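Peer 1: Contents are CSV, C-alpha atoms and all ligand atoms; file name coords14.csv:
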chain,number,residue,atom,x,y,z
A,1,MET,CA,-11.4,-8.4,22.5
A,2,ARG,CA,-7.9,-9.7,22.7
A,3,ARG,CA,-7.4,-11.4,19.4
A,4,ALA,CA,-3.7,-12.1,19.7
A,5,GLU,CA,-4.3,-14.6,22.5
A,6,SER,CA,-6.8,-16.8,20.7
A,7,ARG,CA,-4.5,-19.7,20.0
A,8,ALA,CA,-2.9,-19.5,23.4
A,9,ALA,CA,-6.3,-19.6,25.0
A,10,LEU,CA,-7.3,-22.6,23.0
A,11,GLU,CA,-4.2,-24.5,24.4
A,12,LEU,CA,-5.2,-23.2,27.8
A,13,ILE,CA,-8.6,-24.7,27.9
A,14,GLN,CA,-7.0,-28.1,27.4
A,15,GLU,CA,-5.3,-27.5,30.7
A,16,VAL,CA,-7.1,-25.4,33.2
A,17,PHE,CA,-9.3,-22.4,33.3
A,18,VAL,CA,-7.7,-19.2,34.6
A,19,ASP,CA,-10.8,-17.1,34.1
A,20,LEU,CA,-13.8,-18.3,32.2
A,21,PHE,CA,-14.7,-14.9,30.8
A,22,ASP,CA,-11.1,-14.2,29.6
A,23,VAL,CA,-10.9,-17.6,27.9
A,24,ALA,CA,-14.3,-17.0,26.3
A,25,ASP,CA,-13.3,-13.6,25.1
A,26,ASP,CA,-10.0,-14.8,23.7
A,27,LEU,CA,-11.7,-17.5,21.8
A,28,TYR,CA,-14.3,-15.0,20.5
A,29,PHE,CA,-17.1,-16.8,22.3
A,30,GLY,CA,-20.6,-15.5,22.0
A,31,GLU,CA,-22.7,-17.4,24.5
A,32,ILE,CA,-22.4,-20.2,27.0
A,33,HIS,CA,-25.7,-21.5,28.4
A,34,LEU,CA,-26.1,-23.9,31.4
A,35,LYS,CA,-29.1,-25.9,32.4
A,36,SER,CA,-29.6,-28.0,35.5
A,37,ASP,CA,-32.9,-29.9,35.9
A,38,PRO,CA,-32.9,-32.0,39.0
A,39,ALA,CA,-36.2,-33.6,38.1
A,40,SER,CA,-34.8,-35.3,35.0
A,41,GLY,CA,-31.1,-35.3,36.1
A,42,LEU,CA,-30.2,-33.0,33.1
A,43,ARG,CA,-26.9,-31.1,33.5
A,44,ALA,CA,-26.2,-29.6,30.1
A,45,ILE,CA,-24.0,-26.9,28.6
A,46,VAL,CA,-24.7,-25.3,25.2
A,47,ALA,CA,-21.7,-23.3,24.0
A,48,ILE,CA,-22.5,-21.0,21.0
A,49,HIS,CA,-19.3,-19.8,19.5
A,50,ASP,CA,-20.4,-17.6,16.7
A,51,LEU,CA,-23.6,-16.5,15.1
A,52,LYS,CA,-22.3,-14.1,12.4
A,53,LEU,CA,-23.0,-16.4,9.5
A,54,GLY,CA,-26.2,-17.8,10.8
A,55,PRO,CA,-27.7,-20.0,13.6
A,56,ALA,CA,-25.2,-22.4,15.1
A,57,ILE,CA,-25.3,-26.1,14.3
A,58,GLY,CA,-23.5,-28.7,16.3
A,59,GLY,CA,-23.9,-32.1,17.9
A,60,CYS,CA,-24.9,-33.0,21.4
A,61,ARG,CA,-22.2,-35.1,23.3
A,62,PHE,CA,-23.5,-37.4,26.0
A,63,TYR,CA,-20.6,-38.5,28.2
A,64,GLU,CA,-19.7,-39.3,31.8
A,65,TYR,CA,-17.5,-36.3,32.4
A,66,PRO,CA,-15.5,-36.4,35.7
A,67,ASN,CA,-16.6,-32.8,36.5
A,68,SER,CA,-18.3,-29.8,35.1
A,69,ASP,CA,-15.0,-28.1,34.2
A,70,ALA,CA,-14.1,-31.0,31.9
A,71,ALA,CA,-17.6,-30.8,30.3
A,72,LEU,CA,-17.2,-27.0,29.8
A,73,ARG,CA,-13.8,-27.4,28.3
A,74,ASP,CA,-15.1,-29.9,25.8
A,75,ALA,CA,-18.1,-27.7,24.9
A,76,LEU,CA,-15.9,-24.7,24.2
A,77,ARG,CA,-13.3,-26.6,22.2
A,78,LEU,CA,-16.0,-28.4,20.1
A,79,ALA,CA,-18.2,-25.4,19.5
A,80,ARG,CA,-15.3,-23.3,18.2
A,81,GLY,CA,-14.4,-26.2,15.9
A,82,MET,CA,-17.9,-26.2,14.5
A,83,SER,CA,-17.7,-22.5,13.7
A,84,TYR,CA,-14.5,-23.2,11.7
A,85,LYS,CA,-16.0,-26.2,9.9
A,86,ALA,CA,-19.1,-24.2,8.9
A,87,ALA,CA,-17.2,-21.2,7.8
A,88,ILE,CA,-14.6,-23.1,5.7
A,89,SER,CA,-17.5,-24.8,4.0
A,90,ASN,CA,-19.3,-21.6,3.2
A,91,LEU,CA,-22.3,-22.6,5.1
A,92,PRO,CA,-24.7,-19.9,6.5
A,93,HIS,CA,-24.2,-21.2,10.0
A,94,GLY,CA,-22.3,-20.5,13.1
A,95,GLY,CA,-20.7,-23.1,15.4
A,96,GLY,CA,-22.1,-24.5,18.6
A,97,LYS,CA,-22.0,-27.6,20.6
A,98,ALA,CA,-23.9,-29.2,23.5
A,99,VAL,CA,-22.5,-31.5,26.2
A,100,ILE,CA,-24.7,-33.4,28.7
A,101,MET,CA,-23.1,-34.9,31.8
A,102,ARG,CA,-24.2,-38.4,31.6
A,103,PRO,CA,-25.6,-39.7,34.9
A,104,PRO,CA,-24.4,-43.2,35.9
A,105,ASP,CA,-27.0,-46.0,35.8
A,106,LEU,CA,-29.5,-44.3,33.5
A,107,ASP,CA,-32.4,-46.5,32.4
A,108,ASP,CA,-34.3,-46.1,29.1
A,109,ASN,CA,-37.3,-44.2,30.6
A,110,ASP,CA,-35.0,-41.9,32.5
A,111,ARG,CA,-33.0,-41.3,29.3
A,112,ARG,CA,-36.0,-40.3,27.3
A,113,ALA,CA,-37.1,-37.8,30.1
A,114,LEU,CA,-33.6,-36.4,30.2
A,115,PHE,CA,-33.5,-35.8,26.4
A,116,GLU,CA,-37.0,-34.3,26.5
A,117,SER,CA,-35.7,-31.9,29.1
A,118,TYR,CA,-32.7,-31.2,27.0
A,119,GLY,CA,-35.1,-30.4,24.1
A,120,GLU,CA,-36.8,-27.8,26.2
A,121,PHE,CA,-33.4,-26.3,27.0
A,122,VAL,CA,-32.6,-26.1,23.3
A,123,ASP,CA,-36.0,-24.6,22.5
A,124,SER,CA,-35.4,-21.8,25.0
A,125,LEU,CA,-32.4,-20.6,23.0
A,126,ASN,CA,-34.5,-18.8,20.4
A,127,GLY,CA,-33.3,-20.8,17.4
A,128,ASN,CA,-29.7,-19.7,17.9
A,129,TYR,CA,-28.6,-23.3,18.4
A,130,ILE,CA,-29.7,-26.3,16.4
A,131,THR,CA,-28.7,-29.7,17.9
A,132,CYS,CA,-28.0,-33.1,16.4
A,133,GLU,CA,-26.3,-36.4,17.2
A,134,ASP,CA,-22.7,-36.7,18.5
A,135,VAL,CA,-20.7,-39.1,20.5
A,136,GLY,CA,-23.0,-40.9,23.0
A,137,THR,CA,-26.3,-39.8,21.4
A,138,CYS,CA,-28.5,-41.7,18.9
A,139,VAL,CA,-31.5,-41.2,16.7
A,140,ASP,CA,-33.9,-42.2,19.5
A,141,ASP,CA,-32.4,-39.4,21.7
A,142,MET,CA,-33.0,-36.9,18.9
A,143,ASP,CA,-36.6,-38.2,18.6
A,144,ALA,CA,-37.1,-37.3,22.3
A,145,VAL,CA,-35.6,-33.9,21.6
A,146,LYS,CA,-37.8,-33.4,18.6
A,147,SER,CA,-40.9,-33.9,20.8
A,148,ARG,CA,-39.9,-30.6,22.6
A,149,THR,CA,-38.3,-28.4,19.9
A,150,ASP,CA,-38.0,-28.0,16.1
A,151,GLN,CA,-34.3,-27.0,16.5
A,152,VAL,CA,-33.1,-30.5,16.0
A,153,LEU,CA,-31.7,-32.5,13.0
A,154,GLY,CA,-30.7,-36.1,12.6
A,155,TYR,CA,-33.8,-37.6,14.2
A,156,ASN,CA,-35.7,-40.6,12.8
A,157,PRO,CA,-35.4,-40.8,9.0
A,158,ASP,CA,-39.0,-42.0,8.9
A,159,ALA,CA,-40.0,-38.6,10.3
A,160,GLY,CA,-38.3,-36.8,7.4
A,161,SER,CA,-34.8,-36.5,8.7
A,162,SER,CA,-31.6,-37.1,6.6
A,163,GLY,CA,-30.4,-40.1,8.6
A,164,ASP,CA,-26.8,-41.3,9.0
A,165,PRO,CA,-24.3,-38.6,7.9
A,166,SER,CA,-21.4,-41.0,7.5
A,167,PRO,CA,-21.9,-41.7,3.7
A,168,PHE,CA,-21.8,-37.9,3.1
A,169,THR,CA,-18.8,-37.5,5.2
A,170,ALA,CA,-17.1,-40.3,3.3
A,171,PHE,CA,-18.1,-38.8,-0.1
A,172,GLY,CA,-16.6,-35.4,1.0
A,173,VAL,CA,-13.4,-37.1,2.1
A,174,ARG,CA,-13.2,-38.8,-1.3
A,175,ARG,CA,-13.6,-35.4,-2.9
A,176,GLY,CA,-10.8,-33.9,-0.7
A,177,ILE,CA,-8.6,-36.9,-1.6
A,178,GLU,CA,-9.2,-36.1,-5.3
A,179,ALA,CA,-8.3,-32.5,-4.8
A,180,ALA,CA,-5.1,-33.6,-3.0
A,181,ALA,CA,-4.2,-35.9,-5.9
A,182,LYS,CA,-4.7,-33.1,-8.3
A,183,PHE,CA,-2.5,-30.8,-6.3
A,184,ARG,CA,0.2,-33.4,-5.6
A,185,TRP,CA,0.4,-35.4,-8.8
A,186,ASP,CA,-1.8,-33.3,-11.2
A,187,ARG,CA,-4.1,-36.3,-11.5
A,188,ASP,CA,-7.8,-36.3,-12.2
A,189,ASP,CA,-8.3,-39.9,-11.1
A,190,LEU,CA,-7.3,-42.2,-8.2
A,191,GLU,CA,-6.7,-45.3,-10.4
A,192,GLY,CA,-3.9,-47.4,-9.0
A,193,LEU,CA,-3.1,-45.1,-6.0
A,194,HIS,CA,-2.4,-46.9,-2.8
A,195,ILE,CA,-4.4,-45.6,0.1
A,196,ALA,CA,-4.0,-46.7,3.8
A,197,ILE,CA,-7.1,-46.2,6.0
A,198,GLN,CA,-6.9,-46.1,9.7
A,199,GLY,CA,-10.3,-47.0,11.1
A,200,VAL,CA,-12.9,-48.6,8.9
A,201,GLY,CA,-16.0,-48.0,11.1
A,202,SER,CA,-18.8,-45.9,9.6
A,203,VAL,CA,-17.0,-43.3,7.6
A,204,GLY,CA,-13.9,-45.4,6.9
A,205,TYR,CA,-16.0,-48.2,5.5
A,206,TYR,CA,-17.9,-46.0,3.2
A,207,LEU,CA,-14.7,-44.3,2.1
A,208,ALA,CA,-13.1,-47.6,1.4
A,209,GLY,CA,-16.0,-48.4,-0.9
A,210,GLU,CA,-15.8,-45.1,-2.8
A,211,LEU,CA,-12.0,-45.5,-3.3
A,212,HIS,CA,-12.3,-49.1,-4.3
A,213,GLU,CA,-14.9,-48.1,-7.0
A,214,LEU,CA,-12.4,-45.5,-8.3
A,215,GLY,CA,-9.7,-48.1,-8.7
A,216,ALA,CA,-7.5,-47.3,-5.7
A,217,SER,CA,-5.8,-50.2,-3.9
A,218,LEU,CA,-6.4,-50.3,-0.1
A,219,THR,CA,-4.6,-51.2,3.1
A,220,VAL,CA,-6.8,-51.0,6.1
A,221,THR,CA,-6.6,-51.4,9.8
A,222,ASP,CA,-9.0,-51.3,12.8
A,223,ILE,CA,-9.0,-52.5,16.3
A,224,ASP,CA,-12.3,-54.2,15.4
A,225,GLU,CA,-11.4,-57.3,13.4
A,226,SER,CA,-14.9,-57.7,11.9
A,227,ALA,CA,-14.6,-54.2,10.4
A,228,VAL,CA,-11.3,-55.1,8.8
A,229,GLN,CA,-12.7,-58.4,7.4
A,230,ARG,CA,-15.7,-56.6,5.8
A,231,CYS,CA,-13.2,-54.5,3.8
A,232,VAL,CA,-11.2,-57.5,2.8
A,233,ASP,CA,-14.3,-59.4,1.7
A,234,GLU,CA,-16.0,-56.5,-0.2
A,235,PHE,CA,-13.0,-54.4,-1.5
A,236,GLY,CA,-10.1,-56.9,-1.6
A,237,ALA,CA,-8.2,-54.7,0.9
A,238,ASP,CA,-4.8,-55.6,2.4
A,239,THR,CA,-4.6,-55.4,6.2
A,240,VAL,CA,-2.0,-54.4,8.8
A,241,ALA,CA,-2.0,-54.4,12.6
A,242,PRO,CA,-3.2,-51.0,14.1
A,243,ASP,CA,0.3,-49.8,15.1
A,244,ASP,CA,1.7,-50.6,11.7
A,245,ILE,CA,-0.6,-48.4,9.6
A,246,TYR,CA,1.6,-45.3,9.9
A,247,GLY,CA,4.6,-47.0,8.2
A,248,VAL,CA,2.7,-48.4,5.3
A,249,ASP,CA,4.4,-47.5,2.0
A,250,CYS,CA,1.5,-45.7,0.3
A,251,ASP,CA,0.5,-42.6,-1.6
A,252,ILE,CA,-2.2,-41.4,0.8
A,253,PHE,CA,-2.8,-42.0,4.5
A,254,ALA,CA,-6.4,-41.5,5.6
A,255,PRO,CA,-6.9,-41.3,9.4
A,256,CYS,CA,-10.6,-42.2,10.0
A,257,ALA,CA,-10.4,-43.3,13.6
A,258,LEU,CA,-9.6,-41.1,16.6
A,259,GLY,CA,-8.0,-37.7,17.0
A,260,SER,CA,-4.2,-36.9,17.4
A,261,ALA,CA,-3.1,-39.7,15.0
A,262,ILE,CA,-0.5,-37.2,13.7
A,263,ASN,CA,1.9,-36.6,16.5
A,264,GLU,CA,5.6,-36.6,17.4
A,265,GLU,CA,5.8,-40.4,17.4
A,266,THR,CA,3.9,-41.1,14.2
A,267,ILE,CA,5.3,-38.3,11.9
A,268,PRO,CA,8.8,-39.9,11.6
A,269,ALA,CA,7.2,-43.2,10.7
A,270,LEU,CA,4.9,-41.9,7.9
A,271,ASN,CA,5.6,-43.3,4.5
A,272,CYS,CA,3.0,-41.4,2.4
A,273,GLU,CA,2.9,-38.2,0.4
A,274,VAL,CA,-0.6,-37.1,1.4
A,275,ILE,CA,-2.7,-37.2,4.6
A,276,ALA,CA,-6.4,-36.9,4.0
A,277,GLY,CA,-9.0,-38.5,6.2
A,278,SER,CA,-12.2,-38.0,8.2
A,279,ALA,CA,-11.0,-38.0,11.8
A,280,ASN,CA,-11.5,-34.8,13.8
A,281,ASN,CA,-8.4,-33.1,15.4
A,282,GLN,CA,-5.9,-35.2,13.4
A,283,LEU,CA,-2.9,-33.1,14.4
A,284,ALA,CA,-2.0,-33.5,18.1
A,285,THR,CA,-1.0,-29.8,18.0
A,286,ASN,CA,-0.9,-27.1,15.4
A,287,GLN,CA,2.9,-27.4,15.4
A,288,HIS,CA,2.5,-30.9,13.8
A,289,GLY,CA,1.3,-29.1,10.7
A,290,VAL,CA,4.7,-27.4,10.5
A,291,ALA,CA,6.4,-30.8,10.9
A,292,LEU,CA,4.3,-32.3,8.0
A,293,ARG,CA,5.3,-29.4,5.8
A,294,GLU,CA,9.0,-29.9,6.6
A,295,ARG,CA,8.6,-33.6,5.6
A,296,ASP,CA,6.9,-32.4,2.3
A,297,ILE,CA,3.7,-34.3,3.2
A,298,VAL,CA,0.5,-32.6,1.9
A,299,TYR,CA,-2.1,-32.4,4.7
A,300,ALA,CA,-5.8,-31.8,3.9
A,301,PRO,CA,-7.0,-30.0,7.0
A,302,ASP,CA,-9.5,-32.2,8.9
A,303,TYR,CA,-12.3,-29.8,9.4
A,304,ALA,CA,-12.4,-28.9,5.7
A,305,ILE,CA,-12.3,-32.4,4.3
A,306,ASN,CA,-14.6,-34.0,6.8
A,307,ALA,CA,-17.5,-31.4,6.6
A,308,GLY,CA,-19.8,-33.6,4.4
A,309,GLY,CA,-21.9,-34.6,7.4
A,310,LEU,CA,-22.4,-31.0,8.5
A,311,ILE,CA,-23.2,-30.0,5.0
A,312,ASN,CA,-25.8,-32.7,4.9
A,313,VAL,CA,-27.5,-31.7,8.1
A,314,ALA,CA,-27.3,-28.0,7.1
A,315,GLN,CA,-29.3,-29.0,4.0
A,316,GLU,CA,-31.8,-30.8,6.2
A,317,PHE,CA,-32.3,-27.5,8.1
A,318,ARG,CA,-33.5,-25.9,4.8
A,319,GLY,CA,-35.6,-28.8,3.7
A,320,TYR,CA,-33.9,-32.0,2.9
A,321,ASP,CA,-32.8,-32.8,-0.7
A,322,ALA,CA,-30.2,-35.4,-1.0
A,323,GLN,CA,-29.1,-34.3,-4.5
A,324,THR,CA,-28.4,-30.8,-3.4
A,325,ALA,CA,-26.6,-32.0,-0.3
A,326,ARG,CA,-24.4,-34.2,-2.5
A,327,LYS,CA,-23.6,-31.4,-4.9
A,328,LYS,CA,-22.6,-29.1,-2.0
A,329,THR,CA,-20.5,-31.9,-0.4
A,330,ALA,CA,-18.7,-32.4,-3.8
A,331,ALA,CA,-17.5,-28.8,-3.5
A,332,ILE,CA,-15.2,-29.9,-0.7
A,333,TYR,CA,-12.8,-30.6,-3.7
A,334,ASP,CA,-12.6,-26.8,-4.3
A,335,THR,CA,-12.3,-26.0,-0.7
A,336,VAL,CA,-9.4,-28.4,-0.2
A,337,LEU,CA,-7.6,-27.4,-3.4
A,338,GLU,CA,-7.9,-23.7,-2.5
A,339,ILE,CA,-6.3,-24.3,0.9
A,340,LEU,CA,-3.5,-26.4,-0.6
A,341,GLU,CA,-2.7,-23.9,-3.4
A,342,ARG,CA,-2.7,-20.9,-1.0
A,343,ALA,CA,-0.5,-22.8,1.4
A,344,GLN,CA,2.0,-23.4,-1.4
A,345,ARG,CA,1.9,-19.7,-2.5
A,346,GLU,CA,2.3,-18.4,1.0
A,347,THR,CA,4.8,-21.2,2.1
A,348,LEU,CA,2.7,-21.9,5.1
A,349,PRO,CA,1.3,-25.1,6.7
A,350,THR,CA,-2.1,-26.1,5.3
A,351,ASN,CA,-3.8,-26.2,8.8
A,352,LEU,CA,-2.7,-22.6,9.4
A,353,VAL,CA,-4.0,-21.5,6.0
A,354,ALA,CA,-7.4,-23.1,6.7
A,355,ASP,CA,-7.6,-21.2,10.0
A,356,ARG,CA,-6.7,-18.0,8.2
A,357,ILE,CA,-9.4,-18.4,5.6
A,358,VAL,CA,-12.0,-19.0,8.4
A,359,GLU,CA,-10.8,-16.0,10.5
A,360,GLU,CA,-10.8,-13.7,7.5
A,361,ARG,CA,-14.4,-14.7,6.9
A,362,LEU,CA,-15.4,-14.4,10.5
A,363,TYR,CA,-13.3,-11.5,11.8
A,364,GLY,CA,-12.1,-9.7,8.6
A,365,SER,CA,-8.5,-10.7,9.3
A,366,ALA,CA,-6.5,-13.7,10.6
A,367,LEU,CA,-5.9,-14.0,14.3
A,368,GLN,CA,-2.4,-14.3,15.6
B,401,LIG,P1,-16.8,-45.0,14.1
B,401,LIG,O1,-16.7,-45.2,15.6
B,401,LIG,O2,-17.9,-45.6,13.3
B,401,LIG,O3,-15.4,-45.6,13.4
B,401,LIG,C1,-14.2,-45.4,14.0
B,401,LIG,C2,-13.4,-46.7,13.8
B,401,LIG,O4,-12.1,-46.6,14.3
B,401,LIG,C3,-14.0,-47.9,14.6
B,401,LIG,O5,-14.3,-49.0,13.7
B,401,LIG,C4,-12.9,-48.2,15.6
B,401,LIG,O6,-12.9,-49.6,16.0
B,401,LIG,C5,-11.7,-47.7,14.9
B,401,LIG,N1,-10.6,-47.5,15.8
B,401,LIG,C6,-10.6,-46.9,17.0
B,401,LIG,N2,-9.3,-46.8,17.5
B,401,LIG,C7,-8.5,-47.3,16.5
B,401,LIG,C8,-7.1,-47.5,16.4
B,401,LIG,N3,-6.3,-47.1,17.4
B,401,LIG,N4,-6.6,-48.0,15.3
B,401,LIG,C9,-7.4,-48.4,14.3
B,401,LIG,N5,-8.8,-48.2,14.3
B,401,LIG,C10,-9.3,-47.7,15.5
B,401,LIG,O7,-16.7,-43.5,13.8
B,401,LIG,P2,-17.0,-42.7,12.5
B,401,LIG,O8,-18.4,-42.1,12.6
B,401,LIG,O9,-16.7,-43.5,11.3
B,401,LIG,O10,-16.0,-41.5,12.6
B,401,LIG,C11,-14.6,-41.7,12.3
B,401,LIG,C12,-13.9,-40.4,12.6
B,401,LIG,O11,-14.4,-39.4,11.7
B,401,LIG,C13,-14.0,-39.8,14.0
B,401,LIG,O12,-12.8,-39.1,14.3
B,401,LIG,C14,-15.1,-38.8,13.8
B,401,LIG,O13,-15.1,-37.8,14.8
B,401,LIG,C15,-14.9,-38.3,12.4
B,401,LIG,N6,-16.0,-37.7,11.8
B,401,LIG,C16,-17.1,-38.5,11.6
B,401,LIG,C17,-18.2,-37.9,10.9
B,401,LIG,C18,-19.4,-38.7,10.6
B,401,LIG,O14,-20.3,-38.3,9.8
B,401,LIG,N7,-19.6,-39.9,11.2
B,401,LIG,C19,-18.2,-36.6,10.5
B,401,LIG,C20,-17.1,-35.8,10.7
B,401,LIG,C21,-16.0,-36.4,11.4
Can you dump the structure from the file as structure tokens?
Peer 2:
Amino acid sequence: MRRAESRAALELIQEVFVDLFDVADDLYFGEIHLKSDPASGLRAIVAIHDLKLGPAIGGCRFYEYPNSDAALRDALRLARGMSYKAAISNLPHGGGKAVIMRPPDLDDNDRRALFESYGEFVDSLNGNYITCEDVGTCVDDMDAVKSRTDQVLGYNPDAGSSGDPSPFTAFGVRRGIEAAAKFRWDRDDLEGLHIAIQGVGSVGYYLAGELHELGASLTVTDIDESAVQRCVDEFGADTVAPDDIYGVDCDIFAPCALGSAINEETIPALNCEVIAGSANNQLATNQHGVALRERDIVYAPDYAINAGGLINVAQEFRGYDAQTARKKTAAIYDTVLEILERAQRETLPTNLVADRIVEERLYGSALQ
């Protein structure tokens, strides 16, 4: 294994494959499975990054990829991310992800058949990969998968599943925000803090509710005006245009929309002391963690703070109990505080410290 090249390989898969096996080795990949089923139109990839801590859990993305290379790149990037999220959260799970190349013009019957076929594919992986919803898939799709395998979570709540993970994700983000407030201001409450939320869809909306309850004042933005209005009506939030959210003079900025919100253009505009939100891949590159540190902005690493949804489905895997899932999600406070304190001790960016903690757990020492 060529550990030193791990980070370089990750950058590489965003560009082009040189050699699939080299990239897989450099990223410490375990397995990559492909399934083509012409009868149903299924073209799926399941990437299983790591099984050391337990069976891999990860969502199934259903998307019209331009080609199979793009689908494979996505699967590798996302599966590795799931390993890191599970490991930082002390879950007994590895990381995996499925992508299905969405055929154009799919009707409802064809869609069900395609997801049944996908369920058979998942079932053939001997319990090493447990699937659930992700971008482009819904509870009905997981119901179809459930008809062919037990290795699925997040199907219909009427059938005993845990349902929408967003409230758990939001609760975990709130706990991460509380940890950041403790670290930055030595505070045990959020009363009177001003928090700017980018994206008040599922997670952002629930987060706004939690923060409002705790006495924070909110400024929100979204490209969907009805989502913004809901927060104005229910939580008395102030609003700004989407492009103006970065410059809001606030204590905490919570990115809860898309990835790469923290980049070369937005960092100079930021007017906050803490960044803590739910979005995946908040930093456009790892280097932006260095830039935040130079600006003395505390960054709660995304995959640590947004793990509540994963913690919730991992609980479902063991027999669902909402109270236990909530208790485990609350521990995101400890995880985030541990990262922030270690980063301070070691004078390192927080995103790098999170990676190191994971790599020490998975490989015995940090990768280069
Ligand atoms: P969502 O689609 O329900 O909400 C996202 C919101 O962001 C939408 O309301 C959308 O209109 C808004 N938005 C998009 N572009 C925007 C822009 N440029 N400016 C402002 N608003 C914009 O998604 P979600 O489930 O709430 O997830 C939010 C983020 O959290 C995503 O990055 C997701 O990957 C991540 N995440 C979600 C969960 C979960 O449990 N749902 C778990 C972990 C991570």
Peer 1: Where does chain A meet ligand LIG 401 (chain B) within 8 Å, residue by residue, with the nearest atom pair and distance in Å to one decimal for each, counting all atoms listed in the file, listed by chain and rising number, as JSON lines?
Peer 2:
{"residue": "A:Asp164", "atom": "CA", "partner": "B:LIG401", "partner_atom": "O14", "distance": 7.2}
{"residue": "A:Pro165", "atom": "CA", "partner": "B:LIG401", "partner_atom": "O14", "distance": 4.4}
{"residue": "A:Ser166", "atom": "CA", "partner": "B:LIG401", "partner_atom": "O14", "distance": 3.7}
{"residue": "A:Pro167", "atom": "CA", "partner": "B:LIG401", "partner_atom": "O14", "distance": 7.2}
{"residue": "A:Phe168", "atom": "CA", "partner": "B:LIG401", "partner_atom": "O14", "distance": 6.9}
{"residue": "A:Thr169", "atom": "CA", "partner": "B:LIG401", "partner_atom": "O14", "distance": 4.9}
{"residue": "A:Ala170", "atom": "CA", "partner": "B:LIG401", "partner_atom": "O14", "distance": 7.5}
{"residue": "A:Gln198", "atom": "CA", "partner": "B:LIG401", "partner_atom": "C9", "distance": 5.2}
{"residue": "A:Gly199", "atom": "CA", "partner": "B:LIG401", "partner_atom": "O4", "distance": 3.7}
{"residue": "A:Val200", "atom": "CA", "partner": "B:LIG401", "partner_atom": "O5", "distance": 5.0}
{"residue": "A:Gly201", "atom": "CA", "partner": "B:LIG401", "partner_atom": "O5", "distance": 3.3}
{"residue": "A:Ser202", "atom": "CA", "partner": "B:LIG401", "partner_atom": "O9", "distance": 3.6}
{"residue": "A:Val203", "atom": "CA", "partner": "B:LIG401", "partner_atom": "O9", "distance": 3.7}
{"residue": "A:Gly204", "atom": "CA", "partner": "B:LIG401", "partner_atom": "O9", "distance": 5.6}
{"residue": "A:Tyr205", "atom": "CA", "partner": "B:LIG401", "partner_atom": "O9", "distance": 7.5}
{"residue": "A:Thr221", "atom": "CA", "partner": "B:LIG401", "partner_atom": "C9", "distance": 5.5}
{"residue": "A:Asp222", "atom": "CA", "partner": "B:LIG401", "partner_atom": "N5", "distance": 3.4}
{"residue": "A:Ile223", "atom": "CA", "partner": "B:LIG401", "partner_atom": "N5", "distance": 4.7}
{"residue": "A:Asp224", "atom": "CA", "partner": "B:LIG401", "partner_atom": "O6", "distance": 4.7}
{"residue": "A:Ala227", "atom": "CA", "partner": "B:LIG401", "partner_atom": "O5", "distance": 6.2}
{"residue": "A:Pro242", "atom": "CA", "partner": "B:LIG401", "partner_atom": "N4", "distance": 4.7}
{"residue": "A:Asp243", "atom": "CA", "partner": "B:LIG401", "partner_atom": "N4", "distance": 7.1}
{"residue": "A:Pro255", "atom": "CA", "partner": "B:LIG401", "partner_atom": "C12", "distance": 7.7}
{"residue": "A:Cys256", "atom": "CA", "partner": "B:LIG401", "partner_atom": "C12", "distance": 4.6}
{"residue": "A:Ala257", "atom": "CA", "partner": "B:LIG401", "partner_atom": "O4", "distance": 3.8}
{"residue": "A:Leu258", "atom": "CA", "partner": "B:LIG401", "partner_atom": "O12", "distance": 4.4}
{"residue": "A:Gly259", "atom": "CA", "partner": "B:LIG401", "partner_atom": "O12", "distance": 5.7}
{"residue": "A:Gly277", "atom": "CA", "partner": "B:LIG401", "partner_atom": "O11", "distance": 7.8}
{"residue": "A:Ser278", "atom": "CA", "partner": "B:LIG401", "partner_atom": "O11", "distance": 4.4}
{"residue": "A:Ala279", "atom": "CA", "partner": "B:LIG401", "partner_atom": "O12", "distance": 3.3}
{"residue": "A:Asn280", "atom": "CA", "partner": "B:LIG401", "partner_atom": "O12", "distance": 4.5}
{"residue": "A:Asn281", "atom": "CA", "partner": "B:LIG401", "partner_atom": "O12", "distance": 7.5}
{"residue": "A:Gln282", "atom": "CA", "partner": "B:LIG401", "partner_atom": "O12", "distance": 8.0}
{"residue": "A:Tyr303", "atom": "CA", "partner": "B:LIG401", "partner_atom": "C20", "distance": 7.8}
{"residue": "A:Asn306", "atom": "CA", "partner": "B:LIG401", "partner_atom": "C20", "distance": 5.0}
{"residue": "A:Ala307", "atom": "CA", "partner": "B:LIG401", "partner_atom": "C20", "distance": 6.0}
{"residue": "A:Gly308", "atom": "CA", "partner": "B:LIG401", "partner_atom": "C19", "distance": 7.0}
{"residue": "A:Gly309", "atom": "CA", "partner": "B:LIG401", "partner_atom": "O14", "distance": 4.7}
{"residue": "A:Leu310", "atom": "CA", "partner": "B:LIG401", "partner_atom": "C19", "distance": 7.3}
Peer 1: Please compute the CA of Thr285 in chain A-CA of Thr266 in chain A distance, one decimal, in Å.
Peer 2: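 Computed distance, CA of Thr285 in chain A to CA of Thr266 in chain A, equals 12.9 Å.
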Peer 1: Could you tell me how far CA of Ala180 in chain A lies from CA of Glu264 in chain A, in Å and to one decimal?
Peer 2: 23.2 Å
Peer 1: Tell me, in Å to one decimal, how far CA of Asp134 in chain A is from CA of Leu352 in chain A.
Peer 2: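 We find that CA of Asp134 in chain A and CA of Leu352 in chain A lie 26.1 Å from each other.
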Peer 1: Give me the residues within 10 Å of Phe183 in chain A as an NGL selection string, counting all atoms listed in the file and dropping any in the same chain fewer than 3 places off.
Peer 2: :A and (177-180 or 186-188 or 298 or 336-338 or 340-341 or 344)
Peer 1: Under the rule that only C-alpha atoms are counted, which of A:Asp74, A:Glu294, A:Asp158, A:Glu360 is the nearest residue to Ala44 in chain A?
Peer 2: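 So, comparing all the options, the nearest one is A:Asp74.
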